[in-house]
$ cat structure_19.pdb   # PDB, C-alpha atoms, pLDDT in the B column
MODEL        1
ATOM      1  CA  MET A   1     -28.821-231.507-184.069  1.00 92.00           C
ATOM      2  CA  VAL A   2     -29.519-227.918-183.095  1.00 94.00           C
ATOM      3  CA  PHE A   3     -32.806-226.110-183.709  1.00 95.00           C
ATOM      4  CA  ILE A   4     -32.430-222.582-185.113  1.00 93.00           C
ATOM      5  CA  ASN A   5     -35.621-220.559-185.462  1.00 94.00           C
ATOM      6  CA  GLY A   6     -37.550-223.832-185.559  1.00 93.00           C
ATOM      7  CA  THR A   7     -35.352-225.535-188.196  1.00 94.00           C
ATOM      8  CA  GLU A   8     -33.164-228.495-187.302  1.00 95.00           C
ATOM      9  CA  GLN A   9     -29.542-228.072-188.412  1.00 93.00           C
ATOM     10  CA  GLU A  10     -26.225-229.833-187.842  1.00 94.00           C
ATOM     11  CA  LEU A  11     -24.349-227.115-185.932  1.00 91.00           C
ATOM     12  CA  LYS A  12     -23.160-228.918-182.809  1.00 92.00           C
ATOM     13  CA  GLY A  13     -19.735-227.619-181.751  1.00 96.00           C
ATOM     14  CA  LYS A  14     -20.081-224.239-183.468  1.00 97.00           C
ATOM     15  CA  SER A  15     -20.221-220.996-181.537  1.00 97.00           C
ATOM     16  CA  VAL A  16     -23.183-218.639-181.677  1.00 97.00           C
ATOM     17  CA  GLU A  17     -20.793-216.134-183.309  1.00 97.00           C
ATOM     18  CA  GLU A  18     -19.969-218.593-186.115  1.00 96.00           C
ATOM     19  CA  VAL A  19     -23.628-219.363-186.735  1.00 96.00           C
ATOM     20  CA  ILE A  20     -24.882-215.783-186.906  1.00 95.00           C
ATOM     21  CA  THR A  21     -21.938-214.785-189.108  1.00 95.00           C
ATOM     22  CA  ALA A  22     -22.597-217.689-191.490  1.00 94.00           C
ATOM     23  CA  MET A  23     -26.278-216.720-191.629  1.00 93.00           C
ATOM     24  CA  ASN A  24     -25.358-213.087-192.454  1.00 94.00           C
ATOM     25  CA  TYR A  25     -27.043-211.559-189.404  1.00 93.00           C
ATOM     26  CA  ASP A  26     -25.993-208.063-188.337  1.00 92.00           C
ATOM     27  CA  LYS A  27     -25.099-208.341-184.634  1.00 91.00           C
ATOM     28  CA  ARG A  28     -26.202-204.737-184.090  1.00 91.00           C
ATOM     29  CA  THR A  29     -29.808-205.541-184.999  1.00 92.00           C
ATOM     30  CA  ILE A  30     -30.473-208.939-183.431  1.00 95.00           C
ATOM     31  CA  ALA A  31     -31.159-210.592-180.108  1.00 96.00           C
ATOM     32  CA  VAL A  32     -30.185-214.214-179.511  1.00 97.00           C
ATOM     33  CA  GLU A  33     -31.920-216.626-177.162  1.00 97.00           C
ATOM     34  CA  LEU A  34     -30.448-220.035-176.381  1.00 98.00           C
ATOM     35  CA  ASN A  35     -32.663-222.516-174.554  1.00 98.00           C
ATOM     36  CA  GLU A  36     -34.980-219.687-173.445  1.00 96.00           C
ATOM     37  CA  GLU A  37     -32.177-217.490-172.072  1.00 97.00           C
ATOM     38  CA  ILE A  38     -30.815-214.331-173.702  1.00 97.00           C
ATOM     39  CA  VAL A  39     -27.173-214.572-174.799  1.00 97.00           C
ATOM     40  CA  SER A  40     -25.223-211.321-174.427  1.00 97.00           C
ATOM     41  CA  LYS A  41     -23.299-210.180-177.488  1.00 96.00           C
ATOM     42  CA  ALA A  42     -20.053-210.493-175.519  1.00 96.00           C
ATOM     43  CA  ASP A  43     -20.765-214.197-175.017  1.00 97.00           C
ATOM     44  CA  TYR A  44     -21.509-215.093-178.664  1.00 97.00           C
ATOM     45  CA  ILE A  45     -17.939-216.242-179.336  1.00 97.00           C
ATOM     46  CA  ASN A  46     -17.730-218.413-176.191  1.00 97.00           C
ATOM     47  CA  THR A  47     -21.186-219.977-176.383  1.00 97.00           C
ATOM     48  CA  ILE A  48     -20.822-223.374-178.060  1.00 98.00           C
ATOM     49  CA  LEU A  49     -23.897-225.175-179.353  1.00 97.00           C
ATOM     50  CA  LYS A  50     -24.704-228.708-178.179  1.00 97.00           C
ATOM     51  CA  ASP A  51     -27.133-231.404-179.334  1.00 96.00           C
ATOM     52  CA  ASP A  52     -30.778-230.471-178.741  1.00 96.00           C
ATOM     53  CA  ASP A  53     -30.027-226.768-178.148  1.00 97.00           C
ATOM     54  CA  VAL A  54     -32.746-224.383-179.284  1.00 97.00           C
ATOM     55  CA  LEU A  55     -31.466-221.103-180.717  1.00 97.00           C
ATOM     56  CA  GLU A  56     -33.771-218.231-181.622  1.00 97.00           C
ATOM     57  CA  VAL A  57     -32.457-215.209-183.509  1.00 96.00           C
ATOM     58  CA  VAL A  58     -34.744-212.175-183.593  1.00 94.00           C
ATOM     59  CA  SER A  59     -34.083-209.226-185.899  1.00 88.00           C
ATOM     60  CA  PHE A  60     -35.212-205.747-184.957  1.00 81.00           C
ATOM     61  CA  VAL A  61     -37.000-203.825-187.678  1.00 76.00           C
ATOM     62  CA  GLY A  62     -37.535-200.073-187.549  1.00 73.00           C
ATOM     63  CA  GLY A  63     -40.853-198.617-188.410  1.00 71.00           C
ATOM     64  CA  GLY A  64     -43.196-195.858-187.666  1.00 61.00           C
TER
ENDMDL
END

$ encode --input "structure_19.pdb" --output "structure tokens"
Amino acid sequence: MVFINGTEQELKGKSVEEVITAMNYDKRTIAVELNEEIVSKADYINTILKDDDVLEVVSFVGGG
């Protein structure tokens, strides 16, 4: 199992790209952290999730 934003999900073997696309995130407005390390947008497609990975997706929100 993989933990995404604190929720356990069966996503082992999927890429970060597949996960954020399936979850309808806009890559232009998010940051992704995998096991406490930032994943660059260029690496989303090549970063494959494994059992016990912890993925955090943070969305940026404008304001004033």

$ resolve_selection --input "structure_19.pdb" --expression "the PyMOL selection byres ((chain A and resi 24-39) around 6)" --output "PDB file with C-alpha atoms, keeping the file's coordinate frame"
ATOM      1  CA  ILE A  20     -24.882-215.783-186.906  1.00 95.00           C
ATOM      2  CA  THR A  21     -21.938-214.785-189.108  1.00 95.00           C
ATOM      3  CA  ALA A  22     -22.597-217.689-191.490  1.00 94.00           C
ATOM      4  CA  MET A  23     -26.278-216.720-191.629  1.00 93.00           C
ATOM      5  CA  SER A  40     -25.223-211.321-174.427  1.00 97.00           C
ATOM      6  CA  VAL A  54     -32.746-224.383-179.284  1.00 97.00           C
ATOM      7  CA  LEU A  55     -31.466-221.103-180.717  1.00 97.00           C
ATOM      8  CA  GLU A  56     -33.771-218.231-181.622  1.00 97.00           C
ATOM      9  CA  VAL A  57     -32.457-215.209-183.509  1.00 96.00           C
ATOM     10  CA  VAL A  58     -34.744-212.175-183.593  1.00 94.00           C
ATOM     11  CA  SER A  59     -34.083-209.226-185.899  1.00 88.00           C
ATOM     12  CA  PHE A  60     -35.212-205.747-184.957  1.00 81.00           C
TER      13      PHE A  60
END

$ resolve_selection --input "structure_19.pdb" --expression "the PyMOL selection byres ((chain A and resi 45) around 6)" --output "PyMOL selection string"
chain A and resi 15+17+43-44+46-47

$ axis_aligned_box --input "structure_19.pdb" --around "segment 9-12 of chain A" --padding-each-side "4 Å" --output "AutoDock Vina command-line options"
--center_x -26.4 --center_y -228.5 --center_z -185.6 --size_x 14.4 --size_y 10.7 --size_z 13.6

$ residues_around --input "structure_19.pdb" --residues "Ile48 of chain A" --least-positions-apart "6" --cutoff "7 Å" --atoms "only C-alpha atoms" --output "JSON list (two decimals) with C-alpha atoms, in the frame of the given file"
[["chain", "number", "residue", "atom", "x", "y", "z"],
["A", 13, "GLY", "CA", -19.74, -227.62, -181.75],
["A", 14, "LYS", "CA", -20.08, -224.24, -183.47],
["A", 15, "SER", "CA", -20.22, -221.00, -181.54],
["A", 16, "VAL", "CA", -23.18, -218.64, -181.68]]

$ atom_distance --input "structure_19.pdb" --atom1 "atom CA of Gly62 of chain A" --atom2 "atom CA of Val19 of chain A"
23.8 Å

$ residues_around --input "structure_19.pdb" --residues "Phe3 of chain A" --least-positions-apart "2" --cutoff "9 Å" --atoms "all atoms listed in the file" --output "number ranges by chain"
A: 1, 5-11, 51-56
